[in-house]
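Asks: So I've got this file, protein-v6.tsv, and it contains TSV, C-alpha atoms:
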```
chain	number	residue	atom	x	y	z
A	1	MET	CA	102.27	-23.40	74.34
A	2	ALA	CA	101.56	-20.52	71.96
A	3	GLN	CA	104.60	-21.45	69.84
A	4	VAL	CA	103.59	-25.10	69.77
A	5	GLU	CA	100.00	-24.23	68.85
A	6	SER	CA	101.21	-21.90	66.06
A	7	SER	CA	103.53	-24.56	64.59
A	8	ARG	CA	100.79	-27.18	64.92
A	9	GLY	CA	98.27	-24.94	63.13
A	10	ALA	CA	100.63	-24.28	60.21
A	11	LEU	CA	101.40	-27.97	59.80
A	12	ARG	CA	97.70	-28.90	60.13
A	13	GLN	CA	96.87	-26.46	57.32
A	14	GLU	CA	99.53	-27.96	55.08
A	15	PHE	CA	98.34	-31.47	55.96
A	16	GLU	CA	94.74	-30.56	55.04
A	17	GLY	CA	95.95	-29.07	51.74
A	18	VAL	CA	97.59	-32.37	50.85
A	19	GLN	CA	94.41	-34.26	51.79
A	20	VAL	CA	92.34	-31.95	49.52
A	21	LYS	CA	94.68	-32.69	46.61
A	22	LEU	CA	94.31	-36.42	47.25
A	23	ARG	CA	90.51	-36.13	47.20
A	24	GLN	CA	90.62	-34.07	44.01
A	25	ALA	CA	92.85	-36.66	42.37
A	26	GLU	CA	90.39	-39.41	43.34
A	27	GLU	CA	87.43	-37.44	41.92
A	28	LEU	CA	89.29	-36.79	38.67
A	29	ARG	CA	90.17	-40.46	38.45
A	30	HIS	CA	86.47	-41.42	38.62
A	31	LYS	CA	85.54	-38.75	36.06
A	32	ASP	CA	88.15	-40.03	33.66
A	33	ILE	CA	86.92	-43.61	34.04
A	34	ASN	CA	83.25	-42.71	33.52
A	35	GLY	CA	84.09	-40.40	30.62
A	36	LEU	CA	86.03	-43.09	28.79
A	37	LEU	CA	83.24	-45.62	29.32
A	38	ALA	CA	80.65	-43.16	27.94
A	39	ALA	CA	82.83	-42.51	24.90
A	40	ALA	CA	82.83	-46.26	24.21
A	41	GLY	CA	79.29	-45.97	22.77
A	42	LEU	CA	77.19	-47.23	25.66
A	43	PRO	CA	73.59	-45.90	25.15
A	44	ALA	CA	71.28	-44.48	27.79
A	45	ILE	CA	69.40	-47.39	29.34
A	46	ASP	CA	66.80	-45.67	31.51
A	47	ALA	CA	63.23	-46.90	30.94
A	48	GLU	CA	61.63	-43.55	30.07
A	49	SER	CA	64.06	-42.56	27.31
A	50	LEU	CA	63.93	-46.06	25.80
A	51	THR	CA	60.11	-45.98	25.77
A	52	ARG	CA	60.03	-42.64	23.92
A	53	ARG	CA	62.69	-43.79	21.48
A	54	LEU	CA	61.06	-47.13	20.64
A	55	LEU	CA	57.35	-46.24	20.64
A	56	GLY	CA	57.33	-42.51	19.91
A	57	PRO	CA	57.66	-42.49	16.08
A	58	ALA	CA	55.24	-45.38	15.44
A	59	THR	CA	52.65	-44.04	17.90
A	60	SER	CA	52.76	-40.54	16.46
A	61	LYS	CA	52.23	-41.78	12.91
A	62	LYS	CA	49.23	-43.99	13.76
A	63	LEU	CA	47.54	-41.45	16.02
A	64	SER	CA	47.99	-38.56	13.60
A	65	THR	CA	45.92	-40.36	10.95
A	66	ALA	CA	43.11	-41.25	13.38
A	67	LEU	CA	42.96	-37.76	14.91
A	68	TYR	CA	42.88	-36.16	11.45
A	69	TRP	CA	39.68	-38.01	10.49
A	70	ILE	CA	38.04	-37.23	13.84
A	71	SER	CA	38.80	-33.55	13.32
A	72	TRP	CA	37.56	-33.69	9.72
A	73	ALA	CA	34.20	-35.16	10.77
A	74	ARG	CA	33.73	-32.56	13.51
A	75	LYS	CA	34.53	-29.65	11.21
A	76	ARG	CA	32.19	-30.89	8.49
A	77	SER	CA	29.36	-31.28	10.97
A	78	ALA	CA	30.11	-27.94	12.61
A	79	ALA	CA	29.98	-26.21	9.24
A	80	GLN	CA	26.47	-27.57	8.67
A	81	ALA	CA	25.37	-26.81	12.23
A	82	ALA	CA	26.42	-23.17	11.92
A	83	LYS	CA	23.85	-22.63	9.19
A	84	VAL	CA	20.96	-22.68	11.67
A	85	GLU	CA	22.36	-19.56	13.32
A	86	GLN	CA	22.37	-17.59	10.05
A	87	LYS	CA	19.22	-15.47	9.89
A	88	PRO	CA	17.93	-14.29	6.50
A	89	PRO	CA	17.33	-10.54	6.08
A	90	ARG	CA	13.84	-9.34	7.07
A	91	ARG	CA	11.55	-8.27	4.30
A	92	LYS	CA	8.64	-5.91	4.40
A	93	GLY	CA	5.21	-7.46	4.38
A	94	LEU	CA	2.70	-9.33	6.50
A	95	ASN	CA	3.48	-12.50	8.42
A	96	PHE	CA	0.87	-15.23	8.38
A	97	GLU	CA	1.55	-18.01	10.87
A	98	PHE	CA	0.39	-21.56	10.15
A	99	PRO	CA	0.78	-23.97	13.05
A	100	ARG	CA	3.00	-27.02	12.35
A	101	LYS	CA	3.20	-29.95	14.68
A	102	HIS	CA	6.73	-31.02	13.58
A	103	SER	CA	9.65	-29.28	11.90
A	104	TYR	CA	12.47	-31.22	10.21
A	105	PRO	CA	15.89	-30.28	8.76
A	106	ALA	CA	16.41	-30.18	5.01
A	107	PHE	CA	18.35	-33.47	5.24
A	108	LEU	CA	17.92	-36.12	7.93
A	109	LEU	CA	19.06	-39.71	7.96
A	110	GLU	CA	17.50	-41.19	11.08
A	111	LYS	CA	18.84	-44.72	10.78
A	112	ALA	CA	20.92	-46.68	8.28
A	113	GLN	CA	22.28	-50.20	8.50
A	114	LEU	CA	25.86	-50.61	7.33
A	115	THR	CA	27.61	-53.69	5.97
A	116	GLY	CA	30.99	-54.15	4.33
A	117	GLN	CA	34.41	-55.72	4.73
A	118	VAL	CA	38.10	-54.95	5.01
A	119	ASP	CA	40.01	-57.09	2.52
A	120	GLN	CA	42.85	-59.39	3.62
A	121	ILE	CA	43.33	-57.82	7.03
A	122	PHE	CA	44.59	-60.99	8.74
A	123	GLN	CA	46.45	-63.90	7.12
A	124	GLY	CA	44.72	-63.29	3.80
A	125	ARG	CA	41.24	-63.29	5.36
A	126	ASP	CA	38.69	-60.47	5.24
A	127	MET	CA	37.03	-58.74	8.20
A	128	ALA	CA	33.23	-58.55	7.88
A	129	LEU	CA	31.71	-55.27	9.11
A	130	GLU	CA	28.19	-54.43	10.20
A	131	GLY	CA	26.77	-51.49	12.08
A	132	LEU	CA	24.25	-48.73	12.52
A	133	LEU	CA	24.43	-45.02	11.61
A	134	GLN	CA	21.90	-42.71	13.26
A	135	GLY	CA	21.01	-39.02	13.35
A	136	VAL	CA	23.02	-37.65	10.40
A	137	THR	CA	21.48	-34.28	9.54
A	138	SER	CA	22.18	-30.94	7.92
A	139	ASN	CA	20.90	-29.12	11.02
A	140	PRO	CA	21.86	-30.81	14.33
A	141	PRO	CA	20.46	-28.07	16.63
A	142	LEU	CA	17.05	-28.34	14.99
A	143	TYR	CA	17.06	-32.15	15.13
A	144	GLY	CA	18.26	-32.07	18.74
A	145	LYS	CA	20.02	-35.44	18.78
A	146	PRO	CA	23.69	-36.35	18.25
A	147	ALA	CA	24.89	-38.47	15.36
A	148	ARG	CA	25.90	-41.99	16.42
A	149	LEU	CA	27.91	-44.71	14.73
A	150	THR	CA	28.05	-48.27	16.01
A	151	LEU	CA	30.30	-50.63	14.07
A	152	LYS	CA	31.44	-54.19	14.70
A	153	GLY	CA	33.86	-56.32	12.75
A	154	ALA	CA	35.14	-59.88	12.89
A	155	VAL	CA	37.42	-62.17	10.93
A	156	ALA	CA	36.06	-65.67	10.50
A	157	GLN	CA	37.75	-68.73	12.01
A	158	GLY	CA	38.99	-67.06	15.17
A	159	GLY	CA	40.58	-63.93	13.75
A	160	PRO	CA	40.62	-60.35	15.09
A	161	THR	CA	37.46	-58.61	16.30
A	162	MET	CA	36.66	-54.91	16.45
A	163	SER	CA	34.04	-52.69	18.11
A	164	LEU	CA	33.64	-48.96	17.46
A	165	ILE	CA	31.15	-46.57	19.08
A	166	GLY	CA	31.24	-42.94	18.05
A	167	THR	CA	29.06	-39.99	19.13
A	168	LEU	CA	29.24	-36.67	17.30
A	169	ASP	CA	27.14	-34.08	19.14
A	170	GLN	CA	26.70	-30.70	17.42
A	171	THR	CA	23.35	-29.83	18.96
A	172	LYS	CA	24.97	-27.24	21.28
A	173	PRO	CA	28.09	-25.05	20.90
A	174	GLN	CA	30.07	-26.89	23.64
A	175	ALA	CA	28.65	-30.37	23.05
A	176	ALA	CA	30.99	-33.34	23.33
A	177	THR	CA	32.32	-35.74	20.73
A	178	GLU	CA	33.38	-39.17	21.92
A	179	LEU	CA	34.97	-42.19	20.27
A	180	ASN	CA	35.44	-45.63	21.87
A	181	LEU	CA	37.42	-48.36	20.12
A	182	GLN	CA	38.12	-51.95	21.14
A	183	TYR	CA	40.24	-54.24	18.99
A	184	ALA	CA	41.26	-57.79	19.89
A	185	GLY	CA	43.82	-59.74	17.88
A	186	LEU	CA	45.38	-56.68	16.22
A	187	PRO	CA	48.22	-58.04	14.04
A	188	LEU	CA	51.58	-56.40	14.74
A	189	ALA	CA	53.74	-58.12	12.11
A	190	GLY	CA	55.38	-55.57	9.83
A	191	MET	CA	55.42	-52.68	12.31
A	192	VAL	CA	58.71	-50.94	13.06
A	193	LEU	CA	59.75	-49.62	16.49
A	194	GLY	CA	62.46	-47.08	17.27
A	195	ASP	CA	64.89	-45.47	14.85
A	196	GLU	CA	67.70	-46.59	12.57
A	197	ASN	CA	70.23	-46.70	15.42
A	198	LEU	CA	68.15	-48.44	18.09
A	199	GLY	CA	64.97	-50.16	16.95
A	200	ALA	CA	63.36	-53.41	15.88
A	201	GLY	CA	60.92	-54.81	13.37
A	202	LEU	CA	57.98	-56.88	14.57
A	203	GLU	CA	58.10	-60.28	12.89
A	204	ARG	CA	55.23	-61.69	14.94
A	205	GLY	CA	52.70	-60.63	17.54
A	206	HIS	CA	49.14	-59.57	18.21
A	207	ALA	CA	47.63	-56.99	20.53
A	208	ARG	CA	44.48	-55.94	22.33
A	209	LEU	CA	43.66	-52.25	21.97
A	210	ASN	CA	41.26	-50.16	24.06
A	211	GLY	CA	40.93	-46.46	23.40
A	212	THR	CA	38.68	-43.54	24.30
A	213	ILE	CA	38.92	-40.00	22.94
A	214	ARG	CA	36.59	-37.24	24.14
A	215	ILE	CA	36.37	-33.72	22.72
A	216	SER	CA	34.47	-31.04	24.62
A	217	GLY	CA	34.47	-27.69	22.87
A	218	ASP	CA	38.07	-27.30	21.69
A	219	LEU	CA	39.63	-29.48	24.44
A	220	TRP	CA	40.78	-33.01	23.58
A	221	LYS	CA	41.42	-35.73	26.13
A	222	GLY	CA	41.85	-39.46	25.76
A	223	SER	CA	43.93	-42.56	26.30
A	224	VAL	CA	44.79	-45.64	24.27
A	225	ILE	CA	45.98	-48.86	25.95
A	226	LEU	CA	47.86	-51.46	23.89
A	227	GLN	CA	48.62	-54.95	25.25
A	228	ALA	CA	50.97	-56.88	22.95
A	229	GLU	CA	51.44	-60.65	23.25
A	230	ASP	CA	53.47	-63.40	21.52
A	231	VAL	CA	55.88	-60.78	20.21
A	232	LYS	CA	59.03	-61.53	18.25
A	233	LEU	CA	61.38	-58.63	17.52
A	234	ALA	CA	64.04	-58.46	14.82
A	235	PRO	CA	66.62	-56.01	16.26
A	236	ARG	CA	67.91	-53.17	14.07
A	237	VAL	CA	70.83	-51.74	16.02
A	238	LYS	CA	73.69	-49.50	14.89
A	239	LEU	CA	75.66	-48.54	18.00
A	240	ALA	CA	79.38	-48.13	18.56
A	241	GLY	CA	81.46	-50.66	20.42
A	242	PRO	CA	80.01	-53.67	22.23
A	243	ALA	CA	76.69	-51.87	22.76
A	244	ALA	CA	75.27	-53.11	19.44
A	245	GLY	CA	75.45	-56.81	20.29
A	246	LEU	CA	74.22	-56.32	23.84
A	247	ALA	CA	71.23	-54.17	22.80
A	248	SER	CA	70.29	-56.69	20.13
A	249	ALA	CA	70.34	-59.49	22.69
A	250	ALA	CA	68.06	-57.49	25.01
A	251	LEU	CA	65.59	-56.70	22.19
A	252	SER	CA	65.48	-60.33	21.12
A	253	GLY	CA	64.38	-61.31	24.62
A	254	VAL	CA	61.19	-59.19	24.57
A	255	ASN	CA	58.04	-61.29	24.01
A	256	ARG	CA	55.30	-59.01	25.39
A	257	PHE	CA	54.73	-55.38	26.40
A	258	THR	CA	51.99	-52.93	27.39
A	259	ALA	CA	51.78	-49.27	26.36
A	260	THR	CA	49.46	-46.43	27.39
A	261	ILE	CA	49.26	-43.34	25.19
A	262	GLY	CA	47.69	-40.19	26.65
A	263	ILE	CA	46.23	-37.34	24.57
A	264	GLU	CA	45.42	-33.92	26.03
A	265	GLY	CA	45.18	-30.30	24.91
A	266	LYS	CA	43.66	-28.21	22.15
A	267	GLU	CA	43.56	-29.37	18.55
A	268	ASP	CA	46.38	-27.04	17.46
A	269	ASP	CA	48.47	-27.85	20.56
A	270	LEU	CA	47.98	-31.52	21.46
A	271	HIS	CA	50.31	-33.16	23.97
A	272	PHE	CA	51.10	-36.88	23.88
A	273	SER	CA	52.45	-38.99	26.72
A	274	ILE	CA	53.69	-42.57	26.53
A	275	ARG	CA	54.06	-45.05	29.38
A	276	SER	CA	55.13	-48.61	28.73
A	277	ASP	CA	56.80	-51.55	30.41
A	278	LEU	CA	58.66	-52.12	27.14
A	279	GLY	CA	61.18	-49.46	28.10
A	280	GLN	CA	61.64	-50.97	31.56
A	281	THR	CA	61.85	-54.52	30.20
A	282	LEU	CA	64.41	-53.48	27.63
A	283	ALA	CA	66.34	-51.41	30.17
A	284	ASP	CA	66.48	-54.36	32.60
A	285	GLY	CA	67.57	-56.70	29.82
A	286	MET	CA	70.23	-54.29	28.58
A	287	LYS	CA	71.52	-53.69	32.11
A	288	LYS	CA	71.75	-57.43	32.68
A	289	ALA	CA	73.45	-57.96	29.34
A	290	PHE	CA	75.76	-55.00	29.88
A	291	SER	CA	76.70	-55.85	33.45
A	292	ALA	CA	79.37	-58.48	32.68
A	293	GLU	CA	80.81	-56.56	29.74
A	294	LEU	CA	80.68	-53.28	31.64
A	295	ALA	CA	82.53	-54.79	34.60
A	296	LYS	CA	85.20	-56.13	32.27
A	297	GLN	CA	85.62	-52.81	30.45
A	298	ARG	CA	85.64	-50.88	33.73
A	299	LYS	CA	88.41	-53.09	35.10
A	300	VAL	CA	90.59	-52.45	32.03
A	301	VAL	CA	89.98	-48.70	32.14
A	302	GLU	CA	90.49	-48.49	35.90
A	303	ASP	CA	93.83	-50.30	35.70
A	304	LYS	CA	95.08	-47.86	33.06
A	305	ILE	CA	93.86	-44.78	34.91
A	306	ASN	CA	95.16	-46.05	38.25
A	307	ALA	CA	98.62	-46.54	36.72
A	308	LEU	CA	98.66	-42.91	35.57
A	309	TYR	CA	97.50	-41.57	38.92
A	310	ALA	CA	99.48	-43.96	41.12
A	311	SER	CA	102.81	-42.11	41.11
A	312	ARG	CA	101.28	-38.73	41.96
A	313	ALA	CA	98.95	-40.18	44.54
A	314	LYS	CA	101.81	-42.12	46.15
A	315	GLU	CA	103.92	-38.96	46.38
A	316	LEU	CA	101.08	-37.00	48.00
A	317	GLN	CA	100.19	-39.81	50.37
A	318	GLY	CA	103.85	-40.19	51.41
A	319	ARG	CA	104.05	-36.47	52.13
A	320	ALA	CA	100.87	-36.66	54.21
A	321	ASP	CA	102.23	-39.65	56.17
A	322	ASP	CA	105.51	-37.83	56.87
A	323	LEU	CA	103.70	-34.75	58.11
A	324	GLN	CA	101.57	-36.86	60.39
A	325	LYS	CA	104.32	-39.07	61.82
A	326	THR	CA	107.38	-36.83	62.00
A	327	LEU	CA	105.87	-33.43	62.76
A	328	LEU	CA	102.21	-33.43	63.76
A	329	ALA	CA	102.41	-36.38	66.15
A	330	PRO	CA	105.43	-34.98	68.18
A	331	LEU	CA	103.83	-31.52	68.34
A	332	GLU	CA	100.56	-32.96	69.61
A	333	LYS	CA	102.54	-34.94	72.21
A	334	GLN	CA	104.37	-31.78	73.31
A	335	GLN	CA	101.08	-29.86	73.51
A	336	GLY	CA	99.62	-32.57	75.75
A	337	ALA	CA	102.69	-32.52	78.03
A	338	LEU	CA	102.61	-28.74	78.34
A	339	GLN	CA	98.92	-28.85	79.12
A	340	ASP	CA	99.58	-31.36	81.92
A	341	LEU	CA	102.30	-29.10	83.38
```
Can the structure from this file be put into structure tokens for me?
Replies:
Amino acid sequence: MAQVESSRGALRQEFEGVQVKLRQAEELRHKDINGLLAAAGLPAIDAESLTRRLLGPATSKKLSTALYWISWARKRSAAQAAKVEQKPPRRKGLNFEFPRKHSYPAFLLEKAQLTGQVDQIFQGRDMALEGLLQGVTSNPPLYGKPARLTLKGAVAQGGPTMSLIGTLDQTKPQAATELNLQYAGLPLAGMVLGDENLGAGLERGHARLNGTIRISGDLWKGSVILQAEDVKLAPRVKLAGPAAGLASAALSGVNRFTATIGIEGKEDDLHFSIRSDLGQTLADGMKKAFSAELAKQRKVVEDKINALYASRAKELQGRADDLQKTLLAPLEKQQGALQDL
């Protein structure tokens, strides 16, 4: 029994070694197939990476301009507000106090009505603007009220509309600044999404935009929601292999999308986040478009790889079968008989 068990153990070890080589060959076969398919120029089609790639550059450019002017207004107002804290040097002499019922800053604009227009903003038509500007002063702490801007705009004959409410509070060191914007009918034609390899130009479309940005001290936080409708994209795709045609087909099928842009951090270290169903819509479309072509390409590659691995795999499998049938099976039968005796 000891001799049988020893022979059986040695053969079992050799049998397991052959099985390991077969599993390794199968793993290498899959790696070769996937590697060749990746080298064919198929792009990443997960929703998150597509969202960043398509909306990231355009979003960054638009937001940078808006945030610059918000920062400029705050710094200008802060520079004026700091003057109230500067105390003139004391002089020798006598102080005579005269009671005053009210004290006002050197400059104060309590209320001003605004009118104007933005030329040819939509299909050659102008947007009429009207609003109210309140509490602009050279000394906000002395005045004690924040500056406020209320602005509305509309294009005649059913065009885009806009509403802007801004509050710039410099009455206290950590006072908040807040900006709310609503825009309906925002024209999207002419915008460009993505990059030169995977992107699209907007030939048609309009959007509704709602945004809020709040600044408390040196901390910024806000979000902008964009809902695009009636969209028509002109694909601009430069990818290797069949990916170009399939990505173009997926982009052409997009007719609407929603995007949410988050803003958070300090002015010198702002962080942006983008969430959109455009990436998921495009990913689903690309996966659907790629599925038939991918299956076809995989079949071709698998046949070629299988032919290369077949001879070696057949040799190993034959060796494993021989070990099992001619050696392991008789030894196991002998072990069982000895155990019965």
Asks: Find the distance between CA of Leu186 in chain A and CA of Thr161 in chain A and write it in Å to one decimal.
Replies: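 About the pair CA of Leu186 in chain A and CA of Thr161 in chain A: they are 8.2 Å apart.
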Asks: Of the candidates A:Ala228, A:Gln170, A:Leu181, A:Ser248, which one gets nearest to Asn210 in chain A if we count all atoms listed in the file?
Replies: A:Leu181
Asks: A:Pro187, A:Gly217, A:Gly262, A:Gly199: which is nearest Pro160 in chain A, counting all atoms listed in the file?
Replies: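 Counting all atoms listed in the file, the residue closest to Pro160 in chain A is A:Pro187.
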Asks: Find the residues of range 163-269 of chain A that sit at most 12 Å from range 121-135 of chain A; for each, write down the nearest two atoms and how far apart they are in Å, to one decimal. Count all atoms listed in the file. Sort by chain, then by number going up, and give it as a tab-separated table.
Replies:
```
residue	atom	partner	partner_atom	distance
A:Ser163	CA	A:Gly131	CA	9.5
A:Leu164	CA	A:Gly131	CA	9.1
A:Ile165	CA	A:Gly131	CA	9.6
A:Gly166	CA	A:Leu133	CA	9.6
A:Thr167	CA	A:Gln134	CA	9.6
A:Leu168	CA	A:Gly135	CA	9.4
A:Asp169	CA	A:Gly135	CA	9.8
A:Gln170	CA	A:Gly135	CA	10.9
A:Thr171	CA	A:Gly135	CA	11.0
A:Gly185	CA	A:Phe122	CA	9.3
A:Leu186	CA	A:Phe122	CA	8.7
A:Pro187	CA	A:Phe122	CA	7.1
A:Leu188	CA	A:Phe122	CA	10.3
A:Ala189	CA	A:Phe122	CA	10.2
A:Arg204	CA	A:Gln123	CA	12.0
A:Gly205	CA	A:Phe122	CA	12.0
A:His206	CA	A:Phe122	CA	10.6
```
Asks: So the first atom is CA of Asp303 in chain A and the second is CA of Arg29 in chain A; what is the distance between them in Å, to one decimal place?
Replies: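 These atoms are spaced 10.9 Å apart.
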Asks: For Val192 in chain A, list every protein, DNA or RNA residue within 9 Å, evaluated using all atoms listed in the file, and leave out those in the same chain fewer than 6 positions away; present the list as a list in words.
Replies: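 What passes the distance filter is Leu54, Ala58, Gly199, Ala200, Gly201 and Leu202 of chain A.
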Asks: Mind giving me the straight-line distance from CA of Lys111 in chain A to CA of Leu179 in chain A in Å, one decimal?
Replies: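 We find that CA of Lys111 in chain A and CA of Leu179 in chain A lie 18.9 Å from each other.
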Asks: Which residue, A:Ala154, A:Met162, A:Leu316, A:Leu219, has the smallest gap to Ala175 in chain A when you use only C-alpha atoms?
Replies: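 Residue with the minimum atom-to-atom distance to Ala175 in chain A: A:Leu219.
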Asks: Can you tell me, as a list in words, which residues sit within 9 Å of (62.3, -60.5, 25.0) in the file's frame, using all atoms listed in the file?
Replies: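 These residues have at least one counted atom within 9 Å: Val231, Lys232, Leu233, Ala249, Ala250, Leu251, Ser252, Gly253, Val254, Asn255, Arg256, Thr281, Leu282 and Gly285 of chain A.
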Asks: Which residue, A:Leu114, A:Leu50, A:Gly245, A:Arg23, has the smallest gap to Asp284 in chain A when you use only C-alpha atoms?
Replies: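 Looking only at the distances to Asp284 in chain A, the closest residue turns out to be A:Leu50.
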Asks: Return the single residue from A:Leu198, A:Leu149, A:Ala320, A:Val155 that is closest to Arg52 in chain A, with distances computed using all atoms listed in the file.
Replies: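 Of A:Leu198, A:Leu149, A:Ala320, A:Val155, the one nearest Arg52 in chain A, counting all atoms listed in the file, is A:Leu198.
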Asks: Should you be able to, write range 181-198 of chain A of this structure into a file that contains N, CA, C and O atoms, as a JSON list (two decimals), in the first residue's frame.
Replies:
```json
[["chain", "number", "residue", "atom", "x", "y", "z"],
["A", 181, "LEU", "N", -27.91, 82.23, -11.77],
["A", 181, "LEU", "CA", -28.17, 82.47, -13.19],
["A", 181, "LEU", "C", -29.13, 81.43, -13.73],
["A", 181, "LEU", "O", -28.97, 80.24, -13.48],
["A", 182, "GLN", "N", -30.12, 81.90, -14.46],
["A", 182, "GLN", "CA", -31.05, 81.02, -15.18],
["A", 182, "GLN", "C", -31.11, 81.49, -16.63],
["A", 182, "GLN", "O", -31.28, 82.68, -16.88],
["A", 183, "TYR", "N", -30.98, 80.56, -17.54],
["A", 183, "TYR", "CA", -30.97, 80.89, -18.97],
["A", 183, "TYR", "C", -31.77, 79.83, -19.70],
["A", 183, "TYR", "O", -31.47, 78.64, -19.61],
["A", 184, "ALA", "N", -32.80, 80.24, -20.40],
["A", 184, "ALA", "CA", -33.63, 79.32, -21.18],
["A", 184, "ALA", "C", -33.46, 79.62, -22.66],
["A", 184, "ALA", "O", -33.46, 80.78, -23.07],
["A", 185, "GLY", "N", -33.30, 78.58, -23.47],
["A", 185, "GLY", "CA", -33.12, 78.78, -24.90],
["A", 185, "GLY", "C", -31.71, 79.14, -25.29],
["A", 185, "GLY", "O", -31.49, 79.77, -26.33],
["A", 186, "LEU", "N", -30.73, 78.74, -24.49],
["A", 186, "LEU", "CA", -29.33, 79.04, -24.79],
["A", 186, "LEU", "C", -28.93, 78.36, -26.10],
["A", 186, "LEU", "O", -28.96, 77.13, -26.20],
["A", 187, "PRO", "N", -28.52, 79.10, -27.12],
["A", 187, "PRO", "CA", -28.15, 78.47, -28.40],
["A", 187, "PRO", "C", -26.83, 77.73, -28.28],
["A", 187, "PRO", "O", -25.86, 78.26, -27.71],
["A", 188, "LEU", "N", -26.78, 76.53, -28.81],
["A", 188, "LEU", "CA", -25.58, 75.70, -28.73],
["A", 188, "LEU", "C", -24.85, 75.58, -30.06],
["A", 188, "LEU", "O", -23.73, 75.05, -30.10],
["A", 189, "ALA", "N", -25.46, 76.03, -31.14],
["A", 189, "ALA", "CA", -24.83, 75.91, -32.46],
["A", 189, "ALA", "C", -23.48, 76.62, -32.47],
["A", 189, "ALA", "O", -23.34, 77.75, -32.00],
["A", 190, "GLY", "N", -22.47, 75.94, -33.00],
["A", 190, "GLY", "CA", -21.13, 76.51, -33.08],
["A", 190, "GLY", "C", -20.19, 76.03, -32.00],
["A", 190, "GLY", "O", -18.98, 76.19, -32.12],
["A", 191, "MET", "N", -20.72, 75.45, -30.91],
["A", 191, "MET", "CA", -19.86, 74.93, -29.86],
["A", 191, "MET", "C", -19.16, 73.65, -30.33],
["A", 191, "MET", "O", -19.64, 72.95, -31.22],
["A", 192, "VAL", "N", -18.03, 73.36, -29.71],
["A", 192, "VAL", "CA", -17.25, 72.17, -30.06],
["A", 192, "VAL", "C", -17.05, 71.34, -28.79],
["A", 192, "VAL", "O", -16.67, 71.87, -27.74],
["A", 193, "LEU", "N", -17.32, 70.04, -28.89],
["A", 193, "LEU", "CA", -17.12, 69.12, -27.78],
["A", 193, "LEU", "C", -15.94, 68.21, -28.08],
["A", 193, "LEU", "O", -15.66, 67.87, -29.24],
["A", 194, "GLY", "N", -15.24, 67.78, -27.02],
["A", 194, "GLY", "CA", -14.17, 66.81, -27.17],
["A", 194, "GLY", "C", -12.90, 67.38, -27.73],
["A", 194, "GLY", "O", -12.64, 68.59, -27.69],
["A", 195, "ASP", "N", -12.07, 66.49, -28.31],
["A", 195, "ASP", "CA", -10.78, 66.88, -28.86],
["A", 195, "ASP", "C", -10.72, 66.51, -30.34],
["A", 195, "ASP", "O", -11.71, 66.09, -30.93],
["A", 196, "GLU", "N", -9.54, 66.65, -30.91],
["A", 196, "GLU", "CA", -9.40, 66.43, -32.36],
["A", 196, "GLU", "C", -9.54, 64.96, -32.74],
["A", 196, "GLU", "O", -9.84, 64.63, -33.89],
["A", 197, "ASN", "N", -9.35, 64.05, -31.78],
["A", 197, "ASN", "CA", -9.45, 62.63, -32.09],
["A", 197, "ASN", "C", -10.84, 62.05, -31.85],
["A", 197, "ASN", "O", -11.29, 61.16, -32.55],
["A", 198, "LEU", "N", -11.52, 62.58, -30.82],
["A", 198, "LEU", "CA", -12.87, 62.12, -30.52],
["A", 198, "LEU", "C", -13.68, 63.32, -30.04],
["A", 198, "LEU", "O", -13.56, 63.75, -28.90]]
```
